[in-house]
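Below is the file run.tsv, which contains TSV, C-alpha atoms.
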```
chain	number	residue	atom	x	y	z
V	1	MET	CA	104.97	85.89	86.35
V	2	ASP	CA	108.45	85.11	85.12
V	3	LYS	CA	108.12	87.73	82.39
V	4	PHE	CA	107.21	90.42	84.92
V	5	ARG	CA	110.14	89.34	87.08
V	6	MET	CA	112.52	89.61	84.11
V	7	ILE	CA	111.18	93.06	83.25
V	8	PHE	CA	111.56	94.21	86.85
V	9	GLN	CA	115.14	92.90	87.00
V	10	PHE	CA	115.97	94.70	83.76
V	11	LEU	CA	114.53	97.95	85.08
V	12	GLN	CA	116.50	97.55	88.29
V	13	SER	CA	119.74	96.97	86.40
V	14	ASN	CA	119.23	100.04	84.24
V	15	GLN	CA	118.63	103.19	86.28
V	16	GLU	CA	117.39	105.26	83.33
V	17	SER	CA	114.96	102.59	82.16
V	18	PHE	CA	113.80	102.10	85.74
V	19	MET	CA	112.97	105.78	86.17
V	20	ASN	CA	111.22	105.87	82.77
V	21	GLY	CA	109.14	102.91	83.87
V	22	ILE	CA	108.28	104.61	87.16
V	23	CYS	CA	107.22	107.77	85.31
V	24	GLY	CA	105.06	105.74	82.93
V	25	ILE	CA	103.39	103.95	85.84
V	26	MET	CA	102.74	107.25	87.61
V	27	ALA	CA	101.23	108.72	84.42
V	28	LEU	CA	98.86	105.77	84.09
V	29	ALA	CA	98.08	105.95	87.81
V	30	SER	CA	97.21	109.66	87.55
V	31	ALA	CA	94.79	108.98	84.68
V	32	HIS	CA	93.21	106.06	86.56
V	33	LEU	CA	93.03	108.14	89.75
V	34	TYR	CA	91.07	110.85	87.96
V	35	THR	CA	88.57	108.37	86.53
V	36	ALA	CA	88.10	106.86	90.00
V	37	PHE	CA	87.80	110.28	91.64
V	38	ASP	CA	84.24	111.22	92.64
V	39	PHE	CA	83.96	114.84	91.51
V	40	ASN	CA	81.23	116.76	93.35
V	41	CYS	CA	81.00	120.45	92.65
V	42	PRO	CA	79.67	122.44	95.65
V	43	CYS	CA	77.46	124.55	93.32
V	44	ILE	CA	77.78	127.55	95.64
V	45	PRO	CA	78.93	131.00	94.45
V	46	GLY	CA	82.44	131.69	95.68
V	47	TYR	CA	83.25	128.00	96.25
V	48	ASN	CA	83.01	126.65	92.72
V	49	MET	CA	86.14	128.45	91.54
V	50	SER	CA	88.22	127.32	94.53
V	51	TYR	CA	87.08	123.71	94.28
V	52	GLY	CA	87.48	123.44	90.50
V	53	MET	CA	90.92	125.06	90.40
V	54	GLY	CA	92.01	123.04	93.43
V	55	VAL	CA	91.15	119.77	91.70
V	56	LEU	CA	92.87	120.98	88.54
V	57	PHE	CA	96.17	122.14	90.08
V	58	VAL	CA	96.66	120.58	93.54
V	59	PRO	CA	96.95	116.92	92.41
V	60	PRO	CA	99.54	117.83	89.72
V	61	ILE	CA	101.68	119.50	92.39
V	62	VAL	CA	101.41	116.36	94.54
V	63	LEU	CA	102.28	114.15	91.56
V	64	PHE	CA	105.22	116.42	90.70
V	65	LEU	CA	106.63	116.10	94.21
V	66	LEU	CA	106.02	112.36	94.16
V	67	GLY	CA	108.00	112.22	90.92
V	68	PHE	CA	110.97	113.62	92.81
V	69	VAL	CA	110.37	111.40	95.83
V	70	MET	CA	110.25	108.25	93.69
V	71	ASN	CA	113.50	109.23	91.96
V	72	ASN	CA	116.56	107.80	93.72
V	73	ASN	CA	118.75	110.50	92.22
V	74	VAL	CA	117.23	113.21	94.43
V	75	SER	CA	119.24	112.18	97.49
V	76	MET	CA	122.28	111.67	95.27
V	77	LEU	CA	121.90	115.20	93.83
V	78	ALA	CA	121.45	116.73	97.29
V	79	GLU	CA	124.46	114.84	98.62
V	80	GLU	CA	126.62	115.91	95.68
V	81	TRP	CA	125.50	119.53	96.06
V	82	LYS	CA	126.04	119.77	99.83
V	83	ARG	CA	129.16	117.62	100.22
V	84	PRO	CA	132.48	119.27	101.11
V	85	THR	CA	134.69	119.90	98.11
V	86	GLY	CA	137.66	117.99	99.51
V	87	MET	CA	139.85	116.49	96.80
V	88	ARG	CA	137.10	116.28	94.19
V	89	GLN	CA	135.72	119.42	92.62
V	90	LYS	CA	132.00	119.81	92.00
V	91	ASP	CA	130.86	120.15	88.41
V	92	PRO	CA	127.80	122.45	88.11
V	93	ALA	CA	127.08	121.07	84.64
V	94	VAL	CA	126.62	117.56	86.06
V	95	LEU	CA	124.29	118.87	88.78
V	96	ARG	CA	122.25	120.79	86.18
V	97	TYR	CA	122.00	117.68	84.00
V	98	MET	CA	120.77	115.57	86.92
V	99	LEU	CA	118.23	118.22	87.97
V	100	CYS	CA	116.89	118.69	84.42
V	101	SER	CA	116.63	114.94	83.92
V	102	MET	CA	114.65	114.48	87.14
V	103	THR	CA	112.42	117.50	86.40
V	104	GLN	CA	111.53	116.25	82.93
V	105	ARG	CA	110.46	112.88	84.28
V	106	ALA	CA	108.57	114.42	87.20
V	107	PHE	CA	106.52	116.59	84.81
V	108	ILE	CA	104.99	113.60	82.98
V	109	ALA	CA	102.36	112.58	85.53
V	110	PRO	CA	101.17	116.19	86.25
V	111	ALA	CA	100.90	116.87	82.52
V	112	VAL	CA	98.72	113.77	82.10
V	113	TRP	CA	96.47	114.85	84.97
V	114	VAL	CA	95.99	118.37	83.61
V	115	SER	CA	95.33	117.05	80.10
V	116	VAL	CA	92.76	114.48	81.24
V	117	THR	CA	91.05	117.01	83.54
V	118	LEU	CA	90.71	119.68	80.85
V	119	LEU	CA	89.54	117.21	78.22
V	120	ASP	CA	86.88	115.89	80.60
V	121	GLY	CA	85.70	119.41	81.45
V	122	LYS	CA	84.05	118.83	84.84
V	123	CYS	CA	86.52	121.00	86.77
V	124	PHE	CA	86.31	123.80	84.23
V	125	ILE	CA	82.50	123.76	84.23
V	126	CYS	CA	82.48	123.90	88.03
V	127	ALA	CA	85.04	126.69	88.25
V	128	PHE	CA	83.62	129.00	85.56
V	129	SER	CA	79.91	128.26	85.76
V	130	THR	CA	79.20	131.77	87.07
V	131	SER	CA	81.09	133.30	84.13
V	132	VAL	CA	78.70	132.04	81.41
V	133	PRO	CA	77.66	134.92	79.08
V	134	VAL	CA	73.91	134.80	79.74
V	135	ASP	CA	73.22	137.73	77.44
V	136	LYS	CA	74.58	135.72	74.48
V	137	LEU	CA	73.43	132.21	75.32
V	138	GLY	CA	70.30	132.84	77.40
V	139	ASN	CA	67.31	135.10	77.80
V	140	MET	CA	67.43	138.01	80.21
V	141	THR	CA	64.59	140.12	78.80
V	142	ASP	CA	61.70	138.66	80.82
V	143	VAL	CA	63.68	137.99	83.98
V	144	ASP	CA	63.77	140.47	86.84
V	145	LEU	CA	66.47	139.13	89.14
V	146	SER	CA	69.35	140.73	90.95
V	147	GLU	CA	72.92	139.96	90.00
V	148	LYS	CA	73.39	137.99	93.21
V	149	GLU	CA	70.45	135.72	92.43
V	150	ILE	CA	71.68	135.20	88.87
V	151	LYS	CA	75.11	134.18	90.18
V	152	ARG	CA	73.42	131.75	92.57
V	153	MET	CA	71.50	130.16	89.70
V	154	LEU	CA	74.54	129.94	87.43
V	155	ALA	CA	76.58	128.34	90.21
V	156	ARG	CA	74.14	125.38	90.08
V	157	ILE	CA	74.85	124.61	86.41
V	158	PRO	CA	77.18	121.65	87.27
V	159	CYS	CA	74.41	120.15	89.46
V	160	LYS	CA	71.60	118.98	87.20
V	161	ASP	CA	69.34	117.84	90.04
V	162	ILE	CA	69.17	121.25	91.74
V	163	TYR	CA	69.51	123.61	88.78
V	164	ASP	CA	66.50	125.93	88.58
V	165	GLY	CA	67.55	128.54	86.06
V	166	HIS	CA	66.06	127.10	82.88
V	167	SER	CA	64.18	130.34	82.36
V	168	ILE	CA	67.50	132.16	82.07
V	169	ILE	CA	69.67	129.61	80.24
V	170	GLU	CA	69.41	125.91	79.61
V	171	GLN	CA	71.75	123.79	81.70
V	172	GLU	CA	72.88	121.68	78.74
V	173	VAL	CA	73.68	124.78	76.68
V	174	ALA	CA	75.84	126.31	79.41
V	175	ALA	CA	77.57	123.02	80.21
V	176	ARG	CA	78.32	122.32	76.56
V	177	TYR	CA	79.70	125.85	76.09
V	178	LEU	CA	82.09	125.52	79.02
V	179	ARG	CA	83.03	121.96	78.06
V	180	CYS	CA	84.04	123.09	74.57
V	181	ILE	CA	86.30	125.78	76.01
V	182	SER	CA	87.81	123.29	78.45
V	183	GLN	CA	88.52	120.75	75.69
V	184	ALA	CA	90.04	123.46	73.52
V	185	LEU	CA	92.37	124.41	76.37
V	186	GLY	CA	93.15	120.72	76.96
V	187	TRP	CA	94.16	120.07	73.37
V	188	THR	CA	96.15	123.30	73.36
V	189	PHE	CA	97.99	122.15	76.48
V	190	VAL	CA	98.71	118.76	74.90
V	191	LEU	CA	99.97	120.48	71.74
V	192	ILE	CA	102.25	122.80	73.72
V	193	MET	CA	103.71	119.92	75.78
V	194	THR	CA	104.27	117.82	72.66
V	195	PHE	CA	105.88	120.73	70.83
V	196	MET	CA	108.17	121.48	73.77
V	197	ALA	CA	109.24	117.84	73.94
V	198	PHE	CA	109.92	117.91	70.21
V	199	LEU	CA	112.00	121.08	70.54
V	200	VAL	CA	114.05	119.55	73.36
V	201	ARG	CA	114.79	116.48	71.24
V	202	ALA	CA	115.42	118.44	68.05
V	203	ILE	CA	117.46	121.35	69.43
V	204	ARG	CA	119.71	119.31	71.71
V	205	PRO	CA	121.97	118.05	68.86
V	206	CYS	CA	122.48	121.65	67.75
V	207	PHE	CA	124.44	122.44	70.89
V	208	THR	CA	127.84	121.16	71.92
V	209	GLN	CA	127.54	117.41	72.27
V	210	ALA	CA	130.85	117.13	74.12
V	211	ALA	CA	129.52	119.05	77.13
V	212	PHE	CA	126.31	117.02	77.14
V	213	LEU	CA	128.15	113.70	76.93
V	214	LYS	CA	130.53	114.78	79.68
V	215	SER	CA	127.67	115.67	82.02
V	216	LYS	CA	125.83	112.45	81.19
V	217	TYR	CA	128.95	110.33	81.73
V	218	TRP	CA	129.78	111.76	85.16
V	219	SER	CA	126.14	111.62	86.19
V	220	HIS	CA	126.16	107.88	85.50
V	221	TYR	CA	129.51	107.62	87.27
V	222	ILE	CA	128.15	109.22	90.46
V	223	ASP	CA	125.21	106.83	90.44
V	224	ILE	CA	127.39	103.74	89.87
V	225	GLU	CA	129.98	104.87	92.42
V	226	ARG	CA	127.30	105.25	95.05
V	227	LYS	CA	125.90	101.78	94.33
V	228	LEU	CA	129.35	100.16	94.44
V	229	PHE	CA	130.19	101.97	97.67
V	230	ASP	CA	126.96	100.72	99.26
V	231	GLU	CA	127.68	97.17	98.07
V	232	THR	CA	131.23	97.33	99.42
V	233	CYS	CA	130.02	98.66	102.77
V	234	THR	CA	127.45	95.86	102.95
V	235	GLU	CA	130.08	93.22	102.20
V	236	HIS	CA	132.51	94.74	104.69
V	237	ALA	CA	129.84	94.95	107.41
V	238	LYS	CA	128.84	91.35	106.77
V	239	SER	CA	132.43	90.14	107.12
V	240	PHE	CA	132.98	92.30	110.22
V	241	ALA	CA	129.83	90.96	111.87
V	242	LYS	CA	130.67	87.37	110.99
V	243	LEU	CA	134.14	87.56	112.54
V	244	CYS	CA	132.84	89.34	115.64
V	245	ILE	CA	130.23	86.64	116.19
V	246	GLN	CA	132.79	83.86	115.64
V	247	GLN	CA	135.23	85.41	118.09
V	248	PHE	CA	132.44	85.89	120.63
V	249	PHE	CA	131.35	82.26	120.54
V	250	GLU	CA	134.95	81.03	120.56
V	251	THR	CA	135.58	83.10	123.70
V	252	ILE	CA	132.43	81.75	125.33
V	253	ASN	CA	133.48	78.21	124.47
V	254	GLN	CA	136.94	78.71	125.96
V	255	ASP	CA	135.51	80.26	129.16
V	256	MET	CA	133.06	77.42	129.61
V	257	GLY	CA	135.80	74.87	129.02
V	258	MET	CA	138.01	76.44	131.70
V	259	GLU	CA	135.13	76.50	134.20
V	260	HIS	CA	134.53	72.77	133.74
V	261	HIS	CA	138.23	71.95	134.08
V	262	MET	CA	138.49	70.94	130.51
V	263	GLU	CA	141.61	70.94	128.50
V	264	PRO	CA	143.21	74.34	128.05
V	265	PRO	CA	142.22	76.18	124.92
V	266	TYR	CA	144.42	75.55	122.02
V	267	ILE	CA	145.13	77.64	119.00
V	268	THR	CA	143.55	76.37	115.84
V	269	GLU	CA	144.58	77.24	112.36
V	270	GLU	CA	142.39	79.63	110.54
V	271	LYS	CA	140.05	78.12	108.06
V	272	PRO	CA	140.19	79.37	104.47
V	273	SER	CA	136.75	80.94	104.83
V	274	GLU	CA	137.83	82.89	107.92
V	275	GLN	CA	140.98	84.04	106.16
V	276	GLU	CA	138.89	85.31	103.25
V	277	GLU	CA	136.58	87.17	105.60
V	278	LYS	CA	139.58	88.86	107.25
V	279	GLU	CA	140.96	89.85	103.87
V	280	LYS	CA	137.66	91.52	103.04
V	281	LEU	CA	138.08	93.78	106.07
V	282	LEU	CA	141.01	95.50	104.29
V	283	GLY	CA	142.73	96.21	107.61
V	284	ILE	CA	139.69	97.93	109.16
V	285	THR	CA	139.12	95.89	112.31
V	286	ASP	CA	137.55	98.30	114.81
V	287	GLN	CA	134.66	100.74	114.99
V	288	GLY	CA	136.77	103.89	115.36
V	289	THR	CA	138.78	103.19	112.21
V	290	MET	CA	135.62	102.46	110.24
V	291	ASN	CA	133.98	105.70	111.40
V	292	LYS	CA	137.12	107.58	110.37
V	293	VAL	CA	137.07	105.96	106.92
V	294	LEU	CA	133.42	106.86	106.37
V	295	LYS	CA	134.07	110.42	107.53
V	296	ASN	CA	136.99	110.73	105.13
V	297	TRP	CA	134.85	109.40	102.27
V	298	HIS	CA	132.28	112.12	102.93
V	299	LYS	CA	134.71	114.99	103.51
V	300	CYS	CA	137.18	114.31	100.70
V	301	LYS	CA	136.32	111.73	98.10
V	302	PRO	CA	139.28	110.44	96.10
V	303	PRO	CA	140.07	112.42	92.97
V	304	LEU	CA	139.01	111.02	89.63
V	305	ASN	CA	142.54	110.23	88.55
V	306	LEU	CA	143.67	106.63	88.29
V	307	SER	CA	147.31	107.53	87.66
V	308	LYS	CA	147.86	108.57	91.27
V	309	TYR	CA	147.50	106.78	94.56
V	310	GLU	CA	146.82	109.22	97.38
V	311	THR	CA	147.02	108.36	101.04
V	312	HIS	CA	145.12	110.30	103.69
V	313	ASN	CA	145.60	111.01	107.33
V	314	GLY	CA	142.90	110.89	109.97
V	315	ASN	CA	141.64	114.38	109.10
V	316	GLY	CA	141.10	113.53	105.47
V	317	CYS	CA	144.06	115.51	104.11
V	318	ILE	CA	146.57	114.28	101.58
V	319	LYS	CA	149.84	113.05	103.01
V	320	GLU	CA	151.67	112.07	99.87
V	321	ASN	CA	151.15	111.34	96.21
V	322	ILE	CA	152.77	108.31	94.69
V	323	GLU	CA	152.90	107.98	90.94
V	324	LEU	CA	152.06	104.46	89.92
V	325	ASN	CA	154.30	104.78	86.93
V	326	ASN	CA	157.32	105.41	89.16
V	327	LEU	CA	156.89	102.27	91.23
V	328	ASN	CA	159.57	99.64	90.97
V	329	SER	CA	157.51	97.28	88.95
V	330	PRO	CA	159.22	94.54	86.98
V	331	LYS	CA	159.81	95.47	83.39
V	332	LYS	CA	158.27	93.41	80.70
V	333	GLU	CA	160.59	91.54	78.42
V	334	ILE	CA	159.60	91.40	74.80
V	335	ILE	CA	160.76	88.37	72.87
V	336	THR	CA	160.45	88.36	69.12
V	337	TYR	CA	160.31	85.11	67.27
V	338	TYR	CA	161.40	84.90	63.67
V	339	SER	CA	160.12	82.15	61.54
V	340	LYS	CA	161.70	81.10	58.32
V	341	VAL	CA	159.40	80.86	55.39
```

Can you present the structure in this file as C-alpha cells?
Amino acid sequence: MDKFRMIFQFLQSNQESFMNGICGIMALASAHLYTAFDFNCPCIPGYNMSYGMGVLFVPPIVLFLLGFVMNNNVSMLAEEWKRPTGMRQKDPAVLRYMLCSMTQRAFIAPAVWVSVTLLDGKCFICAFSTSVPVDKLGNMTDVDLSEKEIKRMLARIPCKDIYDGHSIIEQEVAARYLRCISQALGWTFVLIMTFMAFLVRAIRPCFTQAAFLKSKYWSHYIDIERKLFDETCTEHAKSFAKLCIQQFFETINQDMGMEHHMEPPYITEEKPSEQEEKEKLLGITDQGTMNKVLKNWHKCKPPLNLSKYETHNGNGCIKENIELNNLNSPKKEIITYYSKV
C-alpha cells in the first residue's frame, strides 16, 4: 500500500507523469471494457451495419472526450485562450503546444479500443455479414432465392444458433473470411499509429528546438503559476477566516461580559500567531478589496518581467512603473583581503 501511495504522490507532483499515468490507465480500462462488453449482433438486415459501426466508433469518441475531461490542462487552456489580454500577451505557440499535447494523450485510449475491436473481429463480422461474396465462397447454382432472402440469411452469419443458410455458404467459412479482413485492418491500424508516433518522435528534432523549448517552458509556467495562485488563495482565505472567527468570538465575549456587569473589556496584545495571520493577509482585509484583486488578476495578469514592479488601480490599469534597479538600495561594499605568502 505504501508503494502505491508513493507512486500516486510522485504522479501528483509531476503533471506530465500524472497525465501519462492517466492515459495508460484509460488505455487498459478500454481494453478491459471491451472484453467485459457483451456483444450481441441483431442479425437483422439494415441493423447489423449500424450496430457494428456504432460499437466500433462510438466508444472511441467517448474515450477521446474523457481523455480531455480527465486532463486538468483543458480548463487552463480555455482560460488562457479566453482571458483578456491585459498586460500579458497571449502566445499562440504555447496554446498550440498545450492543445497538441492533450490531443496526443487523448488519442491513446481510442486507438487501443479500435485496435482491440478490429483484431477481435466481432464488430466487423456483424457489420459486413451481408457483404460476403457468396459467388466466390458459397454455392448459388442450386438455390432459387430472391436477393432479399439471401440478405436475410447472410445477416444471420454472426448468430450461430439461428443461422440457416448452410446450403448457400457455411457459417464458419464466412465468419473466418470476415475475421481475416478485420484482423488485417487491425494490424494495419496498429502499424499506422506506431509509424505516426515514430515520425513525431523522429521529426521533432529536425525543427527549431528553440521554439519548442520556449512553448514547453511557458506551458509549464502557466500550470505552475495556476497551482501557486490557488495555494496562495487558499492560505489567504484560511487566514482571513481565522481572524474573522477570532474577532467574532472576542466581540461576543466582550458583549456578554458587559451584560453581566463584568470588568470592562481590555485591550490585549496580539499573539505572535495572530500577527502572522494578519501578515498573510497582505493588506487585504475586506471582501470588496479581495474581489477587486481577483478581478484584476483575471483582467490583467502581471507581465512576465521581474525587473519591473507595476502597481495597478482599481480598474486593473497600470499607474506607474518603478525600476527595481533605480531604488535607493544600499550599495554593497567589497573588501579585498591580501594575504602574504

Which residue gives the smallest distance to Gly186 (chain V) among V:Ala29, V:Val112, V:Ala174, V:Cys233, with all atoms listed in the file counted?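 Looking at the shortest contact to Gly186 (chain V), the residue is V:Val112.
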
Sorted per-residue table, region 70-158 of chain V near region 190-198 of chain V, closest atoms and distance, 12 Å, all atoms listed in the file, as a Markdown table:
```
| residue | atom | partner | partner_atom | distance |
| --- | --- | --- | --- | --- |
| V:Gln104 | CA | V:Ala197 | CA | 9.4 |
| V:Arg105 | CA | V:Ala197 | CA | 11.5 |
| V:Phe107 | CA | V:Met193 | CA | 10.0 |
| V:Ile108 | CA | V:Met193 | CA | 9.7 |
| V:Pro110 | CA | V:Met193 | CA | 11.4 |
| V:Ala111 | CA | V:Met193 | CA | 7.9 |
| V:Val112 | CA | V:Val190 | CA | 8.8 |
| V:Trp113 | CA | V:Val190 | CA | 11.0 |
| V:Val114 | CA | V:Val190 | CA | 9.1 |
| V:Ser115 | CA | V:Val190 | CA | 6.4 |
| V:Val116 | CA | V:Val190 | CA | 9.7 |
| V:Thr117 | CA | V:Val190 | CA | 11.7 |
| V:Leu118 | CA | V:Val190 | CA | 10.0 |
| V:Leu119 | CA | V:Val190 | CA | 9.9 |
```

Coordinates-based distance that separates CA of Pro60 (chain V) from CA of Phe189 (chain V) (Å, one decimal):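 For CA of Phe189 (chain V) relative to CA of Pro60 (chain V), the distance reads 14.0 Å.
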
I'd like the interatomic distance between CA of Gly54 (chain V) and CA of Ile169 (chain V), to a tenth of an Å. 26.8 Å

I'd like the interatomic distance between CA of Asn139 (chain V) and CA of Ile168 (chain V), to a tenth of an Å.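 Computed distance, CA of Asn139 (chain V) to CA of Ile168 (chain V), equals 5.2 Å.
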
Nearby residues (all atoms listed in the file) at most 9 Å from Ile157 (chain V), same-chain spacing under 5 positions excluded, as a list in words: Cys43, Ile125, Cys126, Ser129, Thr130, Ile162, Tyr163, Asp164, Gly165, Glu170, Gln171, Glu172, Ala174 and Ala175 of chain V

Between V:Asp161, V:Leu137, V:Arg204, V:Lys227, which is the closest to Val173 (chain V) once you count only C-alpha atoms? V:Leu137

Radius query 12 Å about (118.6, 119.6, 88.2), atoms used: all atoms listed in the file, as a list in words: Phe68, Asn73, Val74, Ser75, Met76, Leu77, Ala78, Glu80, Trp81, Pro92, Ala93, Val94, Leu95, Arg96, Tyr97, Met98, Leu99, Cys100, Ser101, Met102, Thr103, Gln104, Arg105, Ala106, Ser215 and Ser219 of chain V

Pick the closest to Phe229 (chain V) from V:Tyr177, V:Trp297, V:Asn48, V:Glu279: which is it, counting all atoms listed in the file?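 Among the listed residues, the smallest separation from Phe229 (chain V) belongs to V:Trp297.
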
Reconstruct N, CA, C and O atoms of region 124-145 of chain V from the incomplete input and present them as a PDB file, keeping the file's coordinate frame.
```
ATOM      1  N   PHE V 124      86.455 122.500  84.874  1.00  0.00           N
ATOM      2  CA  PHE V 124      86.310 123.800  84.230  1.00  0.00           C
ATOM      3  C   PHE V 124      84.871 124.283  84.317  1.00  0.00           C
ATOM      4  O   PHE V 124      84.617 125.465  84.559  1.00  0.00           O
ATOM      5  N   ILE V 125      83.914 123.382  84.122  1.00  0.00           N
ATOM      6  CA  ILE V 125      82.500 123.760  84.230  1.00  0.00           C
ATOM      7  C   ILE V 125      82.186 124.229  85.649  1.00  0.00           C
ATOM      8  O   ILE V 125      81.468 125.226  85.860  1.00  0.00           O
ATOM      9  N   CYS V 126      82.717 123.529  86.630  1.00  0.00           N
ATOM     10  CA  CYS V 126      82.480 123.900  88.030  1.00  0.00           C
ATOM     11  C   CYS V 126      83.114 125.245  88.353  1.00  0.00           C
ATOM     12  O   CYS V 126      82.503 126.075  89.033  1.00  0.00           O
ATOM     13  N   ALA V 127      84.312 125.466  87.879  1.00  0.00           N
ATOM     14  CA  ALA V 127      85.040 126.690  88.250  1.00  0.00           C
ATOM     15  C   ALA V 127      84.474 127.926  87.579  1.00  0.00           C
ATOM     16  O   ALA V 127      84.436 129.006  88.186  1.00  0.00           O
ATOM     17  N   PHE V 128      84.023 127.814  86.329  1.00  0.00           N
ATOM     18  CA  PHE V 128      83.620 129.000  85.560  1.00  0.00           C
ATOM     19  C   PHE V 128      82.128 128.992  85.224  1.00  0.00           C
ATOM     20  O   PHE V 128      81.703 129.620  84.251  1.00  0.00           O
ATOM     21  N   SER V 129      81.343 128.284  86.024  1.00  0.00           N
ATOM     22  CA  SER V 129      79.910 128.260  85.760  1.00  0.00           C
ATOM     23  C   SER V 129      79.268 129.641  85.931  1.00  0.00           C
ATOM     24  O   SER V 129      78.312 129.987  85.228  1.00  0.00           O
ATOM     25  N   THR V 130      79.775 130.440  86.852  1.00  0.00           N
ATOM     26  CA  THR V 130      79.200 131.770  87.070  1.00  0.00           C
ATOM     27  C   THR V 130      79.683 132.784  86.045  1.00  0.00           C
ATOM     28  O   THR V 130      79.226 133.938  86.076  1.00  0.00           O
ATOM     29  N   SER V 131      80.573 132.380  85.149  1.00  0.00           N
ATOM     30  CA  SER V 131      81.090 133.300  84.130  1.00  0.00           C
ATOM     31  C   SER V 131      80.442 133.070  82.760  1.00  0.00           C
ATOM     32  O   SER V 131      80.946 133.568  81.752  1.00  0.00           O
ATOM     33  N   VAL V 132      79.369 132.307  82.685  1.00  0.00           N
ATOM     34  CA  VAL V 132      78.700 132.040  81.410  1.00  0.00           C
ATOM     35  C   VAL V 132      78.062 133.338  80.890  1.00  0.00           C
ATOM     36  O   VAL V 132      77.343 134.023  81.650  1.00  0.00           O
ATOM     37  N   PRO V 133      78.295 133.709  79.642  1.00  0.00           N
ATOM     38  CA  PRO V 133      77.660 134.920  79.080  1.00  0.00           C
ATOM     39  C   PRO V 133      76.170 134.701  78.832  1.00  0.00           C
ATOM     40  O   PRO V 133      75.751 134.258  77.766  1.00  0.00           O
ATOM     41  N   VAL V 134      75.358 135.033  79.836  1.00  0.00           N
ATOM     42  CA  VAL V 134      73.910 134.800  79.740  1.00  0.00           C
ATOM     43  C   VAL V 134      73.287 135.650  78.659  1.00  0.00           C
ATOM     44  O   VAL V 134      72.334 135.233  77.988  1.00  0.00           O
ATOM     45  N   ASP V 135      73.799 136.846  78.448  1.00  0.00           N
ATOM     46  CA  ASP V 135      73.220 137.730  77.440  1.00  0.00           C
ATOM     47  C   ASP V 135      73.382 137.185  76.027  1.00  0.00           C
ATOM     48  O   ASP V 135      72.590 137.510  75.128  1.00  0.00           O
ATOM     49  N   LYS V 136      74.383 136.308  75.803  1.00  0.00           N
ATOM     50  CA  LYS V 136      74.580 135.720  74.480  1.00  0.00           C
ATOM     51  C   LYS V 136      73.927 134.353  74.336  1.00  0.00           C
ATOM     52  O   LYS V 136      73.445 134.008  73.257  1.00  0.00           O
ATOM     53  N   LEU V 137      73.924 133.582  75.398  1.00  0.00           N
ATOM     54  CA  LEU V 137      73.430 132.210  75.320  1.00  0.00           C
ATOM     55  C   LEU V 137      72.045 132.035  75.929  1.00  0.00           C
ATOM     56  O   LEU V 137      71.397 131.004  75.694  1.00  0.00           O
ATOM     57  N   GLY V 138      71.583 132.998  76.723  1.00  0.00           N
ATOM     58  CA  GLY V 138      70.300 132.840  77.400  1.00  0.00           C
ATOM     59  C   GLY V 138      69.316 133.953  77.080  1.00  0.00           C
ATOM     60  O   GLY V 138      69.427 134.657  76.063  1.00  0.00           O
ATOM     61  N   ASN V 139      68.376 134.124  77.963  1.00  0.00           N
ATOM     62  CA  ASN V 139      67.310 135.100  77.800  1.00  0.00           C
ATOM     63  C   ASN V 139      67.163 135.886  79.090  1.00  0.00           C
ATOM     64  O   ASN V 139      66.763 135.345  80.117  1.00  0.00           O
ATOM     65  N   MET V 140      67.498 137.161  79.027  1.00  0.00           N
ATOM     66  CA  MET V 140      67.430 138.010  80.210  1.00  0.00           C
ATOM     67  C   MET V 140      66.362 139.084  80.095  1.00  0.00           C
ATOM     68  O   MET V 140      66.248 139.950  80.960  1.00  0.00           O
ATOM     69  N   THR V 141      65.571 139.049  79.038  1.00  0.00           N
ATOM     70  CA  THR V 141      64.590 140.120  78.800  1.00  0.00           C
ATOM     71  C   THR V 141      63.410 140.032  79.771  1.00  0.00           C
ATOM     72  O   THR V 141      62.960 141.046  80.307  1.00  0.00           O
ATOM     73  N   ASP V 142      62.897 138.817  79.993  1.00  0.00           N
ATOM     74  CA  ASP V 142      61.700 138.660  80.820  1.00  0.00           C
ATOM     75  C   ASP V 142      62.022 138.267  82.265  1.00  0.00           C
ATOM     76  O   ASP V 142      61.131 137.843  83.008  1.00  0.00           O
ATOM     77  N   VAL V 143      63.282 138.400  82.641  1.00  0.00           N
ATOM     78  CA  VAL V 143      63.680 137.990  83.980  1.00  0.00           C
ATOM     79  C   VAL V 143      64.064 139.224  84.779  1.00  0.00           C
ATOM     80  O   VAL V 143      64.856 140.057  84.327  1.00  0.00           O
ATOM     81  N   ASP V 144      63.490 139.336  85.951  1.00  0.00           N
ATOM     82  CA  ASP V 144      63.770 140.470  86.840  1.00  0.00           C
ATOM     83  C   ASP V 144      64.419 139.935  88.109  1.00  0.00           C
ATOM     84  O   ASP V 144      63.769 139.733  89.136  1.00  0.00           O
ATOM     85  N   LEU V 145      65.714 139.657  88.012  1.00  0.00           N
ATOM     86  CA  LEU V 145      66.470 139.130  89.140  1.00  0.00           C
ATOM     87  C   LEU V 145      67.695 139.982  89.384  1.00  0.00           C
ATOM     88  O   LEU V 145      68.255 140.596  88.452  1.00  0.00           O
TER      89      LEU V 145
END
```
